[in-house]
Amino acid sequence: MKQVSLIAAFAALTTSAFAGAGTAAAESTLDIVKERGHLRCQVGSPSAGYYNLDSDGNWYGLDVSVCQAVAAAIFGDKSKLEIQSVSSQARFTALANGESDLLSRTATWTLTRDSQLGIDFLAPNFYDGQGFTVRKDSGITSAMELQGAKVCVTTGTTTELNLTDYSRANKLNISNVTFEDFNVRDDTYLNGGCDAVTGDKSSMAGNIAAFPVPADHIILPETLSKEPLSSAVRHGDNQWSDIVRWSIFALINAEELGITQANVDDMLANSPVPSVRRMLGAEGNLHEGLGLKSDWAYNIIKAVGNYGEIYEAYMGHGKQGIGIDRAGTLNALWTDGGLMFSPPMR
Amino acid sequence: MAFVKSEKTPDRPAPLSERSVTGWMRKNLFNSWFNSILTVGTLLLIYFIVKGIWDWGFADATFMAENRRECFDNSLTGACWAGVIDWLDNIFYGRYPRDQIWRIHYGGLMLVLWMAPLWMERVKGKVLIAAGVVVFYPFLSGYLFAGGDKGVFMQLMVTGAVVALIANTANMITGLLKQESLKGFLLRVSGQTIAPDKTQRNILLAITGCAFAAAFIWQMNWRVDAVPWTKWGGLFLTMVISGIGIASSLPGGIILALGRRSKLTVIRVLCVSFIEVFRSVPLITVLFMATTMFPLFMDEGFVLNKLTQVIIAVVLFNACYMAETVRAGLQAIPKGQYEGAHTIGLGYWRMMGLVIMPQALKHMIPNIVGSFIGLLKDTTLVSIIGLFDILGMLRSISKDVPWLGLHKEPLIFGAMLFFILCFLMSKYSRYLEVKLSAGNRH
């Protein structure tokens, strides 16, 4: 991992050198994207809920919807989009070296990444946290009871580090059983190779739903870490980061205002509420600072729906959803006690 | 002489212990108590393995289901092949638009049509056929697969490819029917068989020119939709990468091997350092260099097609391995062969082409095919850098929500597919070996 971050740092240095030298002359990212005719949006290798392929070869998922939202904001057409699947080792380099315009994948926003890699994190679209899954018949109800347990964990991420830290801090004496692939991790757990599995709670919930008998397993209440999964762009183009940030806020704001994919036309035509009219471009000039057309937010909602709809479709109980309840979690709207909050659009 | 029998005693059958199945078993499987235990143990082991595979893979397996939950409802212990079946299009063609898949089929059929004459005894001009495939087929199939607008160069190459394919097919037909080459056929039909060389050449040139013009006009109106490379995937992508790798690593390897044995110091040093650098680095490192580091050296915003970068990396990497294989073959040729070739007045290239290389390559067939098989399997590494080749697709099934967690069945399916491909290749190499060495068996 050290090598990888060195490469990433090198990448960041080189690009910032380039950017620094040629900012005045260089085109803005928005111009480059418009000229090219499509947006290059980076995701990772398929991950349930966030970005995956269906059997017809189409991308779908929460982060894919963010990509589509930005494409719709710029072009009014969510299909003017190239989804790039990049390995997690190369993700920040690919963004910093200009291969991707936008990174929309399960990347945790941390200080080091934000400040040292030449990239800027914008707005979380999902709050995750690490937890434990155990078999119900083990009788364990709290992570504090995992004394001396064998815990299955995937290697090469902060997950393993968090587990070790947690074990040391609470004197749990946990032994790690590490895996490269989390399918194998889950199989080992199901076959009794370890007492518990640790991973991000959201993806574990999805995995449990796909276990032979989901009701036999529970996720313990403790949360080991905070993982604000956030989009990121290259450092230095503020107009571009505004566009992406406010495209995500538009999704959240639309939910708060009750604008959905189905009623957005009606809202645009008939709604008397000033904040709705301003957001959809019926009045005011919100779009000017972003360099987009006045119907940019309308196009986003028309193309992908609001945040609540997207969550329900891919994270919740939709046909392609992995079945995580939203109510009471950090991902609920701030009006429902969650953290999903958009600054006012005015 | 009454004690001498007048007729031959009839042959008695061998004792029962030598000819019956039980006799054979007693002699070979149960000839001591230890061997008996081994036999019984092994039989039990085979039984349990076969039964386990059968139960999991067939008896308890689900072949038709909407999602993995239905598979579980059907059986908790059986395989869920329904997911693999649902994903077959992705596994074979990747994200290629479903209504355009015929283009991949046509591309494959075209290759078969083009190369089939190579295996036909009656057809003449095999070297020309092979050259035609290597030079023209990539452009024709490349346009067929990628589509979009053609540049001038592409238009010319596509035209050339169409003419070459038609000539190739006509040559196959005349070969099969009359056992003569297309050239001979055209001259006979036009009644110029005994005309001077110059006339013959002009006639052939005129016919080619007309065909070229006709094909050029035709292809101006031939356009297929653009399919960006990001939509290429599955077995198709694996075949594209390994096909190009196989087709170009052998010529590349021959050139590098000759360069390494060259007497010209500059060429030799260049070839040696090239080979050694690429051979001493793992393929995955080369791929990462090509895809992530390379753009750093370029202007900001410069993006070379990632697929091209990967293919170039695979070709260079394998050419280096091939070079060493070819060099080993060259070392095995006795000095007398070189001297003999010189004696009859052959220069360097003709000596290599006519005397040395054919023998060297023939000796090296098992190794060359071994490299090809390795190449085919190595290309699955591209899934790590985010290309959806067959392995990338197989691994993605377990992330598709209806089939969440389904990872064993796809990988087993992939293993079977690879086994078939590689086994066919190795069988063919065996056949080639026997065929080519038929004349000089010691």
# chains A, B, ... in the order shown; residues from 1 in each chain; ligands from 1

$ closest_atom_pairs --of "chain B" --to "chain A" --cutoff "7 Å" --atoms "only C-alpha atoms" --output "CSV"
residue,atom,partner,partner_atom,distance
B:Phe72,CA,A:Pro212,CA,6.1
B:Leu76,CA,A:Pro212,CA,6.6
B:Asp86,CA,A:Ser55,CA,6.4
B:Trp87,CA,A:Ser55,CA,5.0
B:Asn90,CA,A:Gly57,CA,6.2
B:Gly94,CA,A:Gly57,CA,6.7
B:Arg95,CA,A:Gly57,CA,4.5
B:Thr292,CA,A:Ala94,CA,6.6
B:Pro295,CA,A:Asn97,CA,6.8
B:Leu296,CA,A:Asn97,CA,6.0
B:Glu300,CA,A:Gly98,CA,6.2
B:Gly301,CA,A:Gly98,CA,4.9
B:Val303,CA,A:Glu99,CA,6.2
B:Ile384,CA,A:Ser87,CA,6.4
B:Ile385,CA,A:Ser87,CA,5.5
B:Gly386,CA,A:Val86,CA,4.9
B:Ser396,CA,A:Pro46,CA,5.9
B:Lys399,CA,A:Ala48,CA,4.9
B:Asp400,CA,A:Asn52,CA,5.8
B:Val401,CA,A:Gln320,CA,5.8
B:Leu404,CA,A:Ala210,CA,5.9
B:Gly405,CA,A:Asn183,CA,6.2
B:His407,CA,A:Asn183,CA,6.8

$ write_last_selection --atoms "N, CA and C atoms" --output "PDB file, in the first residue's frame"
ATOM      1  N   PHE B  72     -32.042 -20.950  -3.758  1.00  0.00           N
ATOM      2  CA  PHE B  72     -31.990 -21.441  -2.380  1.00  0.00           C
ATOM      3  C   PHE B  72     -33.294 -22.134  -2.012  1.00  0.00           C
ATOM      4  N   LEU B  76     -30.684 -25.886  -0.987  1.00  0.00           N
ATOM      5  CA  LEU B  76     -29.636 -25.123  -0.320  1.00  0.00           C
ATOM      6  C   LEU B  76     -28.256 -25.679  -0.629  1.00  0.00           C
ATOM      7  N   ASP B  86     -28.231 -16.726 -16.956  1.00  0.00           N
ATOM      8  CA  ASP B  86     -28.771 -15.385 -17.117  1.00  0.00           C
ATOM      9  C   ASP B  86     -27.693 -14.423 -17.639  1.00  0.00           C
ATOM     10  N   TRP B  87     -26.452 -14.679 -17.263  1.00  0.00           N
ATOM     11  CA  TRP B  87     -25.357 -13.766 -17.601  1.00  0.00           C
ATOM     12  C   TRP B  87     -24.579 -14.191 -18.835  1.00  0.00           C
ATOM     13  N   ASN B  90     -23.336 -11.489 -21.174  1.00  0.00           N
ATOM     14  CA  ASN B  90     -22.233 -10.717 -20.603  1.00  0.00           C
ATOM     15  C   ASN B  90     -20.936 -11.507 -20.646  1.00  0.00           C
ATOM     16  N   GLY B  94     -19.586  -9.395 -23.279  1.00  0.00           N
ATOM     17  CA  GLY B  94     -19.401  -8.209 -22.470  1.00  0.00           C
ATOM     18  C   GLY B  94     -20.595  -7.284 -22.585  1.00  0.00           C
ATOM     19  N   ARG B  95     -20.330  -5.977 -22.570  1.00  0.00           N
ATOM     20  CA  ARG B  95     -21.423  -5.011 -22.602  1.00  0.00           C
ATOM     21  C   ARG B  95     -21.747  -4.612 -24.033  1.00  0.00           C
ATOM     22  N   THR B 292      -1.624   3.302 -15.877  1.00  0.00           N
ATOM     23  CA  THR B 292      -1.683   4.424 -14.932  1.00  0.00           C
ATOM     24  C   THR B 292      -0.486   5.351 -15.018  1.00  0.00           C
ATOM     25  N   PRO B 295      -0.064   7.687 -18.794  1.00  0.00           N
ATOM     26  CA  PRO B 295      -0.727   8.985 -18.978  1.00  0.00           C
ATOM     27  C   PRO B 295      -0.044  10.113 -18.215  1.00  0.00           C
ATOM     28  N   LEU B 296       0.695   9.794 -17.140  1.00  0.00           N
ATOM     29  CA  LEU B 296       1.362  10.842 -16.371  1.00  0.00           C
ATOM     30  C   LEU B 296       2.443  11.525 -17.189  1.00  0.00           C
ATOM     31  N   GLU B 300      -1.604  16.893 -19.917  1.00  0.00           N
ATOM     32  CA  GLU B 300      -2.789  16.762 -19.098  1.00  0.00           C
ATOM     33  C   GLU B 300      -4.020  16.556 -19.990  1.00  0.00           C
ATOM     34  N   GLY B 301      -4.874  15.650 -19.590  1.00  0.00           N
ATOM     35  CA  GLY B 301      -6.083  15.404 -20.355  1.00  0.00           C
ATOM     36  C   GLY B 301      -5.885  14.453 -21.510  1.00  0.00           C
ATOM     37  N   VAL B 303      -5.630  11.116 -23.172  1.00  0.00           N
ATOM     38  CA  VAL B 303      -6.007   9.751 -22.831  1.00  0.00           C
ATOM     39  C   VAL B 303      -5.894   8.873 -24.059  1.00  0.00           C
ATOM     40  N   ILE B 384      -7.970  -7.005 -13.508  1.00  0.00           N
ATOM     41  CA  ILE B 384      -7.522  -6.278 -12.319  1.00  0.00           C
ATOM     42  C   ILE B 384      -7.427  -4.782 -12.601  1.00  0.00           C
ATOM     43  N   ILE B 385      -7.088  -4.413 -13.846  1.00  0.00           N
ATOM     44  CA  ILE B 385      -6.998  -2.984 -14.138  1.00  0.00           C
ATOM     45  C   ILE B 385      -8.300  -2.448 -14.701  1.00  0.00           C
ATOM     46  N   GLY B 386      -9.399  -3.192 -14.489  1.00  0.00           N
ATOM     47  CA  GLY B 386     -10.710  -2.629 -14.752  1.00  0.00           C
ATOM     48  C   GLY B 386     -11.281  -2.882 -16.129  1.00  0.00           C
ATOM     49  N   SER B 396     -18.161 -10.364 -11.707  1.00  0.00           N
ATOM     50  CA  SER B 396     -19.192  -9.344 -11.482  1.00  0.00           C
ATOM     51  C   SER B 396     -20.550  -9.954 -11.172  1.00  0.00           C
ATOM     52  N   LYS B 399     -21.908  -9.625  -7.776  1.00  0.00           N
ATOM     53  CA  LYS B 399     -22.268  -8.302  -7.285  1.00  0.00           C
ATOM     54  C   LYS B 399     -23.596  -7.806  -7.859  1.00  0.00           C
ATOM     55  N   ASP B 400     -24.121  -8.521  -8.843  1.00  0.00           N
ATOM     56  CA  ASP B 400     -25.420  -8.159  -9.407  1.00  0.00           C
ATOM     57  C   ASP B 400     -26.489  -8.548  -8.384  1.00  0.00           C
ATOM     58  N   VAL B 401     -27.362  -7.603  -8.066  1.00  0.00           N
ATOM     59  CA  VAL B 401     -28.251  -7.816  -6.927  1.00  0.00           C
ATOM     60  C   VAL B 401     -29.047  -9.126  -6.992  1.00  0.00           C
ATOM     61  N   LEU B 404     -26.556 -11.854  -5.975  1.00  0.00           N
ATOM     62  CA  LEU B 404     -25.581 -11.426  -4.982  1.00  0.00           C
ATOM     63  C   LEU B 404     -24.903 -12.612  -4.290  1.00  0.00           C
ATOM     64  N   GLY B 405     -23.582 -12.629  -4.290  1.00  0.00           N
ATOM     65  CA  GLY B 405     -22.838 -13.679  -3.589  1.00  0.00           C
ATOM     66  C   GLY B 405     -22.610 -14.936  -4.403  1.00  0.00           C
ATOM     67  N   HIS B 407     -20.619 -16.809  -6.534  1.00  0.00           N
ATOM     68  CA  HIS B 407     -19.264 -16.683  -7.092  1.00  0.00           C
ATOM     69  C   HIS B 407     -18.613 -18.009  -7.462  1.00  0.00           C
TER      70      HIS B 407
END

$ atom_distance --atom1 "CA of Thr291 (chain B)" --atom2 "CA of Gln309 (chain B)"
6.4 Å

$ atom_distance --atom1 "CA of Leu146 (chain A)" --atom2 "CA of Leu229 (chain A)"
27.6 Å

$ residues_around --residues "Phe132 (chain A)" --least-positions-apart "6" --cutoff "9 Å" --atoms "only C-alpha atoms" --output "list in words"
Ala143, Val151, Ala196, Val197, Thr198, Gly199, Asp200, Lys201, Met204, Ile218, Ile219, Leu220, Pro221, Glu222, Thr223 and Leu224 of chain A

$ residues_around --residues "Asp120 (chain A)" --least-positions-apart "6" --cutoff "7 Å" --atoms "only C-alpha atoms" --output "list of chain:residue names"
A:Asp114, A:Ala232, A:Val233, A:Arg234, A:His235

$ write_last_selection --atoms "C-alpha atoms" --output "compact mmCIF listing (two decimals), in the first residue's frame"
# COMPACT_ATOMS: atom_id res chain seq x y z
CA ASP A 114 -8.35 15.37 0.66
CA ALA A 232 -14.29 13.63 -5.53
CA VAL A 233 -12.84 15.75 -8.33
CA ARG A 234 -9.40 17.03 -9.24
CA HIS A 235 -8.08 19.83 -7.08

$ atom_distance --atom1 "CA of Ile312 (chain B)" --atom2 "CA of Phe388 (chain B)"
17.5 Å

$ select_by_dssp --residues "region 205-358 of chain B" --states "alpha helix (DSSP H)" --output "ChimeraX atom specification"
/B:205-220,234-260,265-279,283-288,294-297,306-332,335-343,348-350,357-358

$ residues_around --residues "region 265-280 of chain B" --least-positions-apart "5" --cutoff "12 Å" --atoms "only C-alpha atoms" --output "MDAnalysis selection string"
chainID B and resid 252:260 285:287 289 313:325 327

$ residues_around --residues "Asp31 (chain A)" --least-positions-apart "3" --cutoff "12 Å" --atoms "only C-alpha atoms" --output "list in words"
Ala26, Glu27, Ser28, Lys34, Glu35, Arg36, Gly37, His38, Leu39, Ile74, Phe75, Asp101, Asp237, Gln239, Trp240, Gly291 and Leu292 of chain A

$ write_last_selection --atoms "N, CA and C atoms" --output "mmCIF file, in the first residue's frame"
data_model
loop_
_atom_site.group_PDB
_atom_site.id
_atom_site.type_symbol
_atom_site.label_atom_id
_atom_site.label_comp_id
_atom_site.auth_asym_id
_atom_site.auth_seq_id
_atom_site.Cartn_x
_atom_site.Cartn_y
_atom_site.Cartn_z
ATOM 1 N N ALA A 26 -5.207 26.847 -19.602
ATOM 2 C CA ALA A 26 -5.919 25.572 -19.719
ATOM 3 C C ALA A 26 -7.425 25.778 -19.723
ATOM 4 N N GLU A 27 -8.087 24.902 -20.415
ATOM 5 C CA GLU A 27 -9.534 24.931 -20.436
ATOM 6 C C GLU A 27 -10.075 24.454 -19.101
ATOM 7 N N SER A 28 -11.262 24.882 -18.754
ATOM 8 C CA SER A 28 -11.884 24.380 -17.546
ATOM 9 C C SER A 28 -12.419 22.974 -17.828
ATOM 10 N N LYS A 34 -17.709 19.298 -22.117
ATOM 11 C CA LYS A 34 -18.686 19.687 -23.138
ATOM 12 C C LYS A 34 -18.155 19.412 -24.539
ATOM 13 N N GLU A 35 -16.882 19.740 -24.715
ATOM 14 C CA GLU A 35 -16.259 19.549 -26.025
ATOM 15 C C GLU A 35 -16.232 18.064 -26.400
ATOM 16 N N ARG A 36 -15.911 17.239 -25.407
ATOM 17 C CA ARG A 36 -15.829 15.803 -25.648
ATOM 18 C C ARG A 36 -17.212 15.218 -25.930
ATOM 19 N N GLY A 37 -18.222 15.825 -25.309
ATOM 20 C CA GLY A 37 -19.577 15.346 -25.570
ATOM 21 C C GLY A 37 -20.069 14.321 -24.582
ATOM 22 N N HIS A 38 -19.207 13.872 -23.685
ATOM 23 C CA HIS A 38 -19.702 12.997 -22.623
ATOM 24 C C HIS A 38 -18.830 13.125 -21.379
ATOM 25 N N LEU A 39 -19.396 12.701 -20.257
ATOM 26 C CA LEU A 39 -18.712 12.792 -18.973
ATOM 27 C C LEU A 39 -18.000 11.475 -18.691
ATOM 28 N N ILE A 74 -25.253 18.631 -16.979
ATOM 29 C CA ILE A 74 -24.457 19.301 -18.016
ATOM 30 C C ILE A 74 -25.119 19.219 -19.384
ATOM 31 N N PHE A 75 -25.540 17.999 -19.750
ATOM 32 C CA PHE A 75 -26.023 17.783 -21.122
ATOM 33 C C PHE A 75 -27.541 17.674 -21.239
ATOM 34 N N ASP A 101 -13.139 12.480 -15.038
ATOM 35 C CA ASP A 101 -13.555 13.831 -14.669
ATOM 36 C C ASP A 101 -14.054 13.869 -13.242
ATOM 37 N N ASP A 237 -10.118 23.143 -9.834
ATOM 38 C CA ASP A 237 -11.128 23.711 -10.731
ATOM 39 C C ASP A 237 -12.406 23.897 -9.915
ATOM 40 N N GLN A 239 -15.075 25.745 -10.312
ATOM 41 C CA GLN A 239 -16.374 25.715 -10.993
ATOM 42 C C GLN A 239 -16.847 24.275 -11.138
ATOM 43 N N TRP A 240 -15.906 23.413 -11.508
ATOM 44 C CA TRP A 240 -16.253 22.004 -11.707
ATOM 45 C C TRP A 240 -16.688 21.367 -10.386
ATOM 46 N N GLY A 291 -22.499 27.894 -14.538
ATOM 47 C CA GLY A 291 -22.196 27.790 -15.968
ATOM 48 C C GLY A 291 -23.049 26.750 -16.654
ATOM 49 N N LEU A 292 -24.213 26.441 -16.072
ATOM 50 C CA LEU A 292 -25.102 25.446 -16.682
ATOM 51 C C LEU A 292 -26.359 26.134 -17.190
#

$ select_by_dssp --residues "region 164-308 of chain A" --states "strand (DSSP E or B)" --output "MDAnalysis selection string"
chainID A and resid 175:179 196:200 217:219 227:234

$ write_last_selection --atoms "N, CA, C and O atoms" --output "PDB file, in the first residue's frame"
ATOM      1  N   SER A 175      -8.656 -12.624  17.013  1.00  0.00           N
ATOM      2  CA  SER A 175      -7.674 -13.026  15.996  1.00  0.00           C
ATOM      3  C   SER A 175      -8.277 -12.821  14.608  1.00  0.00           C
ATOM      4  O   SER A 175      -9.407 -13.234  14.337  1.00  0.00           O
ATOM      5  N   ASN A 176      -7.514 -12.177  13.723  1.00  0.00           N
ATOM      6  CA  ASN A 176      -8.006 -11.863  12.372  1.00  0.00           C
ATOM      7  C   ASN A 176      -7.803 -13.054  11.444  1.00  0.00           C
ATOM      8  O   ASN A 176      -6.733 -13.638  11.421  1.00  0.00           O
ATOM      9  N   VAL A 177      -8.840 -13.369  10.673  1.00  0.00           N
ATOM     10  CA  VAL A 177      -8.705 -14.347   9.587  1.00  0.00           C
ATOM     11  C   VAL A 177      -8.890 -13.556   8.306  1.00  0.00           C
ATOM     12  O   VAL A 177      -9.984 -13.062   8.035  1.00  0.00           O
ATOM     13  N   THR A 178      -7.820 -13.365   7.533  1.00  0.00           N
ATOM     14  CA  THR A 178      -7.903 -12.398   6.437  1.00  0.00           C
ATOM     15  C   THR A 178      -8.131 -13.055   5.077  1.00  0.00           C
ATOM     16  O   THR A 178      -7.690 -14.178   4.829  1.00  0.00           O
ATOM     17  N   PHE A 179      -8.825 -12.332   4.206  1.00  0.00           N
ATOM     18  CA  PHE A 179      -9.144 -12.798   2.857  1.00  0.00           C
ATOM     19  C   PHE A 179      -8.959 -11.675   1.858  1.00  0.00           C
ATOM     20  O   PHE A 179      -9.089 -10.508   2.196  1.00  0.00           O
ATOM     21  N   ALA A 196     -17.252 -14.459  13.534  1.00  0.00           N
ATOM     22  CA  ALA A 196     -17.916 -13.227  13.110  1.00  0.00           C
ATOM     23  C   ALA A 196     -17.258 -12.717  11.840  1.00  0.00           C
ATOM     24  O   ALA A 196     -16.149 -13.112  11.507  1.00  0.00           O
ATOM     25  N   VAL A 197     -17.967 -11.846  11.135  1.00  0.00           N
ATOM     26  CA  VAL A 197     -17.414 -11.177   9.959  1.00  0.00           C
ATOM     27  C   VAL A 197     -17.427  -9.698  10.254  1.00  0.00           C
ATOM     28  O   VAL A 197     -18.367  -9.200  10.882  1.00  0.00           O
ATOM     29  N   THR A 198     -16.394  -8.983   9.822  1.00  0.00           N
ATOM     30  CA  THR A 198     -16.456  -7.534   9.955  1.00  0.00           C
ATOM     31  C   THR A 198     -16.311  -6.888   8.584  1.00  0.00           C
ATOM     32  O   THR A 198     -15.608  -7.402   7.714  1.00  0.00           O
ATOM     33  N   GLY A 199     -17.015  -5.786   8.407  1.00  0.00           N
ATOM     34  CA  GLY A 199     -16.990  -5.070   7.132  1.00  0.00           C
ATOM     35  C   GLY A 199     -17.922  -3.880   7.251  1.00  0.00           C
ATOM     36  O   GLY A 199     -18.489  -3.640   8.321  1.00  0.00           O
ATOM     37  N   ASP A 200     -18.073  -3.133   6.133  1.00  0.00           N
ATOM     38  CA  ASP A 200     -19.009  -2.014   6.177  1.00  0.00           C
ATOM     39  C   ASP A 200     -20.417  -2.560   6.371  1.00  0.00           C
ATOM     40  O   ASP A 200     -20.819  -3.520   5.723  1.00  0.00           O
ATOM     41  N   HIS A 217     -28.623 -14.690  10.889  1.00  0.00           N
ATOM     42  CA  HIS A 217     -27.470 -13.822  11.139  1.00  0.00           C
ATOM     43  C   HIS A 217     -27.927 -12.431  11.557  1.00  0.00           C
ATOM     44  O   HIS A 217     -28.958 -11.950  11.092  1.00  0.00           O
ATOM     45  N   ILE A 218     -27.173 -11.803  12.454  1.00  0.00           N
ATOM     46  CA  ILE A 218     -27.505 -10.426  12.840  1.00  0.00           C
ATOM     47  C   ILE A 218     -26.258  -9.552  12.783  1.00  0.00           C
ATOM     48  O   ILE A 218     -25.138 -10.041  12.915  1.00  0.00           O
ATOM     49  N   ILE A 219     -26.490  -8.262  12.591  1.00  0.00           N
ATOM     50  CA  ILE A 219     -25.403  -7.290  12.647  1.00  0.00           C
ATOM     51  C   ILE A 219     -25.417  -6.673  14.036  1.00  0.00           C
ATOM     52  O   ILE A 219     -26.473  -6.227  14.512  1.00  0.00           O
ATOM     53  N   GLU A 227     -17.501   6.181   7.983  1.00  0.00           N
ATOM     54  CA  GLU A 227     -17.084   6.138   6.583  1.00  0.00           C
ATOM     55  C   GLU A 227     -18.018   7.006   5.744  1.00  0.00           C
ATOM     56  O   GLU A 227     -18.987   6.514   5.195  1.00  0.00           O
ATOM     57  N   PRO A 228     -17.735   8.304   5.652  1.00  0.00           N
ATOM     58  CA  PRO A 228     -18.549   9.115   4.749  1.00  0.00           C
ATOM     59  C   PRO A 228     -18.093   8.880   3.298  1.00  0.00           C
ATOM     60  O   PRO A 228     -17.007   9.322   2.922  1.00  0.00           O
ATOM     61  N   LEU A 229     -18.879   8.149   2.533  1.00  0.00           N
ATOM     62  CA  LEU A 229     -18.495   7.830   1.158  1.00  0.00           C
ATOM     63  C   LEU A 229     -18.866   9.013   0.278  1.00  0.00           C
ATOM     64  O   LEU A 229     -20.021   9.437   0.256  1.00  0.00           O
ATOM     65  N   SER A 230     -17.887   9.499  -0.434  1.00  0.00           N
ATOM     66  CA  SER A 230     -18.066  10.808  -1.052  1.00  0.00           C
ATOM     67  C   SER A 230     -17.509  10.855  -2.468  1.00  0.00           C
ATOM     68  O   SER A 230     -16.582  10.132  -2.807  1.00  0.00           O
ATOM     69  N   SER A 231     -18.095  11.730  -3.275  1.00  0.00           N
ATOM     70  CA  SER A 231     -17.553  11.959  -4.614  1.00  0.00           C
ATOM     71  C   SER A 231     -16.337  12.856  -4.519  1.00  0.00           C
ATOM     72  O   SER A 231     -16.187  13.603  -3.560  1.00  0.00           O
ATOM     73  N   ALA A 232     -15.477  12.770  -5.531  1.00  0.00           N
ATOM     74  CA  ALA A 232     -14.287  13.628  -5.530  1.00  0.00           C
ATOM     75  C   ALA A 232     -13.971  14.076  -6.944  1.00  0.00           C
ATOM     76  O   ALA A 232     -14.313  13.400  -7.920  1.00  0.00           O
ATOM     77  N   VAL A 233     -13.319  15.241  -7.046  1.00  0.00           N
ATOM     78  CA  VAL A 233     -12.844  15.749  -8.334  1.00  0.00           C
ATOM     79  C   VAL A 233     -11.394  16.196  -8.165  1.00  0.00           C
ATOM     80  O   VAL A 233     -10.888  16.255  -7.050  1.00  0.00           O
ATOM     81  N   ARG A 234     -10.754  16.510  -9.298  1.00  0.00           N
ATOM     82  CA  ARG A 234      -9.398  17.033  -9.245  1.00  0.00           C
ATOM     83  C   ARG A 234      -9.364  18.359  -8.505  1.00  0.00           C
ATOM     84  O   ARG A 234     -10.282  19.154  -8.606  1.00  0.00           O
TER      85      ARG A 234
END

$ residues_around --residues "Trp296 (chain A)" --least-positions-apart "4" --cutoff "8 Å" --atoms "only C-alpha atoms" --output "PyMOL selection string"
chain A and resi 72-74+76+280-281+287+292+300
